[in-house]
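Structure record follows, encoded as structure tokens.
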Amino acid sequence: MQDTNLYQFTDLESLETLYAWASEAIEQEENPVRSLTFIAEEKPKQIFASDAPTGFSVEIEDREDFFRLDLTRRIKGSGEEYNEDGYKFLSGSVYIFNHNKTQAYTAFSVSDREFFNQAVRRYIQALPPSISTSFLSTDELQQLLNKLNDEINGNLYVTKGVTKSPSGDTEVKYFDNSRYFELFNTEEVSQQNYYVDKIEFELRQANHEFQGQISRKGASRYVSGSESIYFNKILPNFATLLSEKGDLFNDKAREYGSREAETIEITYEEGSIKGREENVRLINALEGLKRSSITVYHKNPYMHASVLDYEDGTNADVFLTSDRRVSIVPGFNASRKALSRICNRINQGFLEGTVSEGKERSKDPEKYFVQG
């Protein structure tokens, strides 16, 4: 993606001019703004300036309130799009800025889906654990839309919803002139058989419409309409919720020499988890976690498994000891990034619940079971 004729990078001295440029670029590039909101424990520019992950190269240009990455990913494969050496290159510009009073940042490009998914997202996912993504539950997505509906002068409508079940089934629903909450009122979502993964929506005002999309994993899209609505309303509220969710997984590693650890708990309505076969279902969900391994210690009458994340060495114990609670006990090496991945996998592959900080507990199975 190149700078448009209306705005060169040298003209972009503030966030306001960057936002205006993005609005103009949507029309000229015929692609939407595609964004990923993530969490950084330190200024990400320092991490981006260090050695790039394998297959990526970056160049950085800085402004006071934001910076630009000229990002290239080299992908090996075969076919007409690959060169004689068996590679293709995805290149474009990515703009990164911070959301005030949070550790949340947004990276966006005006690009096609391939560059965003295969270059931007993969690059951020490949960075060290101090850079991490987060996720929102179905209830939290509805909270976000409730807040936007209250703050913005207009009516919020859903045009398309993507829902998924723990077994991996996906349903795409199209809506005609339906208010946004109708998606959450559908039978499969309200009964928690499916969770909401993505929402396409429109904001209809007297003078114009805004079109966009949000997803549970921090990605969003600005298709048309006022840039102020997207950058000054939608993204800040999105970032706040993602940052608060990410804080639940921060500084949870167990201290050396201590048998106690702060737990993370996923709670459900009483009776949601029925029967000992649910132990096996939770184990199966954890086995679907990529780039990790799972060791099962107990699966009857309660479930106790240990997860090892290959990306950064995080280890954590997972317990299912009641009909309404899954508990995660972080080990000595436990990053925010990996704990978030584990909780997200449980919500996706087992049952979606409310994630919160738990009490300090021992990872000793018998002692834990008595306390659970």
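Chains: A, B, ... in order of the structure tokens. Residues: from 1 per chain. Ligands: from 1, in order shown.
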* Asked: Leaving out segment 119-124 of chain A and any residue of its chain fewer than 4 positions from it, which residues lie within 9 Å of it when counting only C-alpha atoms, given as a PyMOL selection string?
  -> chain A and resi 35-36+38+52-53+56+71-74+90-92+94+107-109+114-115+128+131-133
* Asked: Which parts of segment 191-273 of chain A does DSSP call strand (DSSP E or B) when run on the backbone here, written out as a PyMOL selection string?
  -> chain A and resi 195-204+209-215+219-224+260-267
Proximity of segment 119-138 of chain A to segment 185-198 of chain A: per-residue shortest pair, 12 Å limit, only C-alpha atoms, as CSV:
```
residue,atom,partner,partner_atom,distance
A:Phe135,CA,A:Asp197,CA,10.0
A:Leu136,CA,A:Asp197,CA,9.2
A:Ser137,CA,A:Tyr195,CA,7.7
A:Thr138,CA,A:Val196,CA,5.3
```
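Shell of segment 242-246 of chain A at 9 Å, with only C-alpha atoms counted and residues fewer than 6 places along the chain excluded, is Thr37, Phe38, Ile39, Thr102, Gln103, Ala104, Ser132, Thr133, Ser134, Phe135, Leu136, Lys217, Gly218, Arg336, Lys337, Ser340, Val355 and Ser356 of chain A.
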* To do: State, in Å with one decimal place, the distance from atom CA of Ile26 of chain A to atom CA of Ala126 of chain A.
  =>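 Result for atom CA of Ile26 of chain A versus atom CA of Ala126 of chain A: 27.6 Å, one decimal.
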Excluding Pro44 of chain A and residues on its chain fewer than 3 positions from it, collect all residues at most 9 Å away from it, counting only C-alpha atoms, and give them as a PDB file with N, CA, C and O atoms, in the first residue's frame.
```
ATOM      1  N   ALA A  40       0.834  -4.218  24.473  1.00  0.00           N
ATOM      2  CA  ALA A  40       2.293  -4.180  24.528  1.00  0.00           C
ATOM      3  C   ALA A  40       2.738  -3.771  25.925  1.00  0.00           C
ATOM      4  O   ALA A  40       2.319  -2.736  26.434  1.00  0.00           O
ATOM      5  N   GLU A  41       3.583  -4.597  26.541  1.00  0.00           N
ATOM      6  CA  GLU A  41       4.068  -4.303  27.880  1.00  0.00           C
ATOM      7  C   GLU A  41       5.151  -3.236  27.874  1.00  0.00           C
ATOM      8  O   GLU A  41       5.466  -2.659  28.909  1.00  0.00           O
ATOM      9  N   ILE A  47      10.504  -3.072  20.053  1.00  0.00           N
ATOM     10  CA  ILE A  47      10.472  -4.485  19.669  1.00  0.00           C
ATOM     11  C   ILE A  47      10.479  -4.618  18.154  1.00  0.00           C
ATOM     12  O   ILE A  47      11.191  -5.447  17.590  1.00  0.00           O
ATOM     13  N   PHE A  48       9.708  -3.766  17.462  1.00  0.00           N
ATOM     14  CA  PHE A  48       9.677  -3.816  16.009  1.00  0.00           C
ATOM     15  C   PHE A  48      11.042  -3.489  15.404  1.00  0.00           C
ATOM     16  O   PHE A  48      11.374  -3.975  14.323  1.00  0.00           O
ATOM     17  N   ALA A  49      11.804  -2.651  16.107  1.00  0.00           N
ATOM     18  CA  ALA A  49      13.111  -2.243  15.595  1.00  0.00           C
ATOM     19  C   ALA A  49      14.178  -3.313  15.800  1.00  0.00           C
ATOM     20  O   ALA A  49      15.269  -3.222  15.229  1.00  0.00           O
ATOM     21  N   ILE A  96       0.793   2.309  13.327  1.00  0.00           N
ATOM     22  CA  ILE A  96       0.595   1.870  14.706  1.00  0.00           C
ATOM     23  C   ILE A  96       0.493   3.082  15.620  1.00  0.00           C
ATOM     24  O   ILE A  96       1.319   3.998  15.549  1.00  0.00           O
ATOM     25  N   TYR A 105      -2.558  -0.936  21.692  1.00  0.00           N
ATOM     26  CA  TYR A 105      -2.158  -0.279  20.453  1.00  0.00           C
ATOM     27  C   TYR A 105      -2.999  -0.849  19.326  1.00  0.00           C
ATOM     28  O   TYR A 105      -3.473  -1.990  19.393  1.00  0.00           O
ATOM     29  N   SER A 130       5.973 -10.146  25.128  1.00  0.00           N
ATOM     30  CA  SER A 130       5.576  -8.821  25.621  1.00  0.00           C
ATOM     31  C   SER A 130       4.572  -8.142  24.687  1.00  0.00           C
ATOM     32  O   SER A 130       3.945  -7.152  25.056  1.00  0.00           O
ATOM     33  N   ILE A 131       4.414  -8.681  23.477  1.00  0.00           N
ATOM     34  CA  ILE A 131       3.359  -8.255  22.554  1.00  0.00           C
ATOM     35  C   ILE A 131       2.327  -9.380  22.503  1.00  0.00           C
ATOM     36  O   ILE A 131       2.657 -10.525  22.195  1.00  0.00           O
TER      37      ILE A 131
END
```
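Each of A:Phe350, A:Phe67, A:Tyr174, A:Tyr302 was compared to Glu287 of chain A using only C-alpha atoms, and A:Phe350 turns out to be the nearest.
Taking atom CA of Ala206 of chain A and atom CA of Leu18 of chain A as endpoints, the distance between them is 26.0 Å.
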* Asked: Of the residues A:Ser167, A:Ser292, A:Gln143, A:Thr240, which is the one nearest to Leu351 of chain A, using only C-alpha atoms?
  -> A:Ser167
* To do: Just list the residues in segment 65-306 of chain A DSSP gives alpha helix (DSSP H) on the backbone, as number ranges by chain.
  => A: 113-114, 122-126, 138-151, 181-184, 187-190, 227-229, 235-247, 277-287
* Excluding Ala253 of chain A and any residue of its chain fewer than 5 positions from it, enumerate the residues within 12 Å of it, using only C-alpha atoms, and give them as a PyMOL selection string. => chain A and resi 248+258-264+313-317+328-339+360
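Using only C-alpha atoms, the nearest neighbour of Gln211 of chain A within the list A:Ala25, A:Val172, A:Leu183, A:Val33 is A:Val33.
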* Could you check how far atom CA of Gln205 of chain A sits from atom CA of Arg34 of chain A, in Å to one decimal? =>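 Atom-to-atom, atom CA of Gln205 of chain A to atom CA of Arg34 of chain A, that is 23.0 Å.
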Quick one: residues within 9 Å of Val296 of chain A, only C-alpha atoms, excluding same-chain residues fewer than 5 positions away - as an mmCIF file with C-alpha atoms, in the first residue's frame?
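In the end it all went to result.cif:
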```
data_model
loop_
_atom_site.group_PDB
_atom_site.id
_atom_site.type_symbol
_atom_site.label_atom_id
_atom_site.label_comp_id
_atom_site.auth_asym_id
_atom_site.auth_seq_id
_atom_site.Cartn_x
_atom_site.Cartn_y
_atom_site.Cartn_z
ATOM 1 C CA ILE A 283 -9.276 -32.288 27.420
ATOM 2 C CA MET A 303 -10.066 -33.209 35.441
ATOM 3 C CA HIS A 304 -6.463 -32.067 35.949
ATOM 4 C CA ALA A 305 -4.177 -31.424 32.991
ATOM 5 C CA SER A 306 -0.970 -29.491 32.403
ATOM 6 C CA VAL A 307 -0.390 -27.349 29.317
#
```
* Which is closer to Val110 of chain A than all the others in A:Asn250, A:Thr159, A:Ser57, A:Asn31, using only C-alpha atoms? ->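 Nearest to Val110 of chain A: A:Asn31.
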* **Non-local contacts of Glu270 of chain A (10 Å; only C-alpha atoms; under 6 positions in same chain excluded) as an MDAnalysis selection string** => chainID A and resid 322:325
Give me the residues of segment 119-195 of chain A that have any atom at most 9 Å from an atom of segment 220-237 of chain A; for each, the nearest atom pair and the distance in Å, rounded to one decimal. Use only C-alpha atoms, sort by chain and number, and format it as JSON lines.
```
{"residue": "A:Leu144", "atom": "CA", "partner": "A:Asn237", "partner_atom": "CA", "distance": 6.8}
{"residue": "A:Leu145", "atom": "CA", "partner": "A:Ile234", "partner_atom": "CA", "distance": 8.9}
{"residue": "A:Lys147", "atom": "CA", "partner": "A:Asn237", "partner_atom": "CA", "distance": 8.0}
{"residue": "A:Leu148", "atom": "CA", "partner": "A:Ile234", "partner_atom": "CA", "distance": 6.9}
{"residue": "A:Glu151", "atom": "CA", "partner": "A:Lys233", "partner_atom": "CA", "distance": 8.1}
{"residue": "A:Ile152", "atom": "CA", "partner": "A:Ile229", "partner_atom": "CA", "distance": 7.9}
```
If you keep all heavy atoms, can you produce a file of those selected residues as an mmCIF file, in the first residue's frame?
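Just written: selection_19.cif:
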```
data_model
loop_
_atom_site.group_PDB
_atom_site.id
_atom_site.type_symbol
_atom_site.label_atom_id
_atom_site.label_comp_id
_atom_site.auth_asym_id
_atom_site.auth_seq_id
_atom_site.Cartn_x
_atom_site.Cartn_y
_atom_site.Cartn_z
ATOM 1 N N LEU A 144 -19.769 -3.814 24.224
ATOM 2 C CA LEU A 144 -19.131 -2.830 23.358
ATOM 3 C C LEU A 144 -20.170 -2.143 22.471
ATOM 4 O O LEU A 144 -20.201 -0.903 22.364
ATOM 5 C CB LEU A 144 -18.063 -3.503 22.498
ATOM 6 C CG LEU A 144 -17.425 -2.651 21.399
ATOM 7 C CD1 LEU A 144 -16.695 -1.451 21.987
ATOM 8 C CD2 LEU A 144 -16.471 -3.488 20.554
ATOM 9 N N LEU A 145 -21.025 -2.930 21.843
ATOM 10 C CA LEU A 145 -22.034 -2.343 20.961
ATOM 11 C C LEU A 145 -23.062 -1.544 21.754
ATOM 12 O O LEU A 145 -23.559 -0.516 21.265
ATOM 13 C CB LEU A 145 -22.705 -3.436 20.143
ATOM 14 C CG LEU A 145 -21.798 -4.145 19.127
ATOM 15 C CD1 LEU A 145 -22.559 -5.226 18.397
ATOM 16 C CD2 LEU A 145 -21.191 -3.159 18.137
ATOM 17 N N LYS A 147 -22.407 0.212 24.391
ATOM 18 C CA LYS A 147 -21.754 1.484 24.695
ATOM 19 C C LYS A 147 -21.689 2.388 23.467
ATOM 20 O O LYS A 147 -21.953 3.593 23.547
ATOM 21 C CB LYS A 147 -20.344 1.232 25.232
ATOM 22 C CG LYS A 147 -19.722 2.424 25.956
ATOM 23 C CD LYS A 147 -18.504 1.983 26.737
ATOM 24 C CE LYS A 147 -18.039 3.073 27.682
ATOM 25 N NZ LYS A 147 -17.801 4.372 27.058
ATOM 26 N N LEU A 148 -21.375 1.807 22.325
ATOM 27 C CA LEU A 148 -21.336 2.595 21.096
ATOM 28 C C LEU A 148 -22.722 3.142 20.766
ATOM 29 O O LEU A 148 -22.868 4.298 20.346
ATOM 30 C CB LEU A 148 -20.819 1.745 19.945
ATOM 31 C CG LEU A 148 -19.348 1.311 20.020
ATOM 32 C CD1 LEU A 148 -19.029 0.346 18.885
ATOM 33 C CD2 LEU A 148 -18.428 2.523 19.980
ATOM 34 N N GLU A 151 -23.319 6.117 22.938
ATOM 35 C CA GLU A 151 -22.440 7.269 22.745
ATOM 36 C C GLU A 151 -22.643 7.977 21.409
ATOM 37 O O GLU A 151 -22.371 9.173 21.285
ATOM 38 C CB GLU A 151 -20.966 6.844 22.858
ATOM 39 C CG GLU A 151 -20.532 6.500 24.272
ATOM 40 C CD GLU A 151 -19.042 6.234 24.342
ATOM 41 O OE1 GLU A 151 -18.366 6.309 23.283
ATOM 42 O OE2 GLU A 151 -18.544 5.950 25.448
ATOM 43 N N ILE A 152 -23.074 7.232 20.409
ATOM 44 C CA ILE A 152 -23.128 7.775 19.058
ATOM 45 C C ILE A 152 -24.571 8.122 18.707
ATOM 46 O O ILE A 152 -25.484 7.329 18.938
ATOM 47 C CB ILE A 152 -22.549 6.769 18.038
ATOM 48 C CG1 ILE A 152 -21.090 6.464 18.377
ATOM 49 C CG2 ILE A 152 -22.643 7.322 16.624
ATOM 50 C CD1 ILE A 152 -20.495 5.343 17.560
#
```
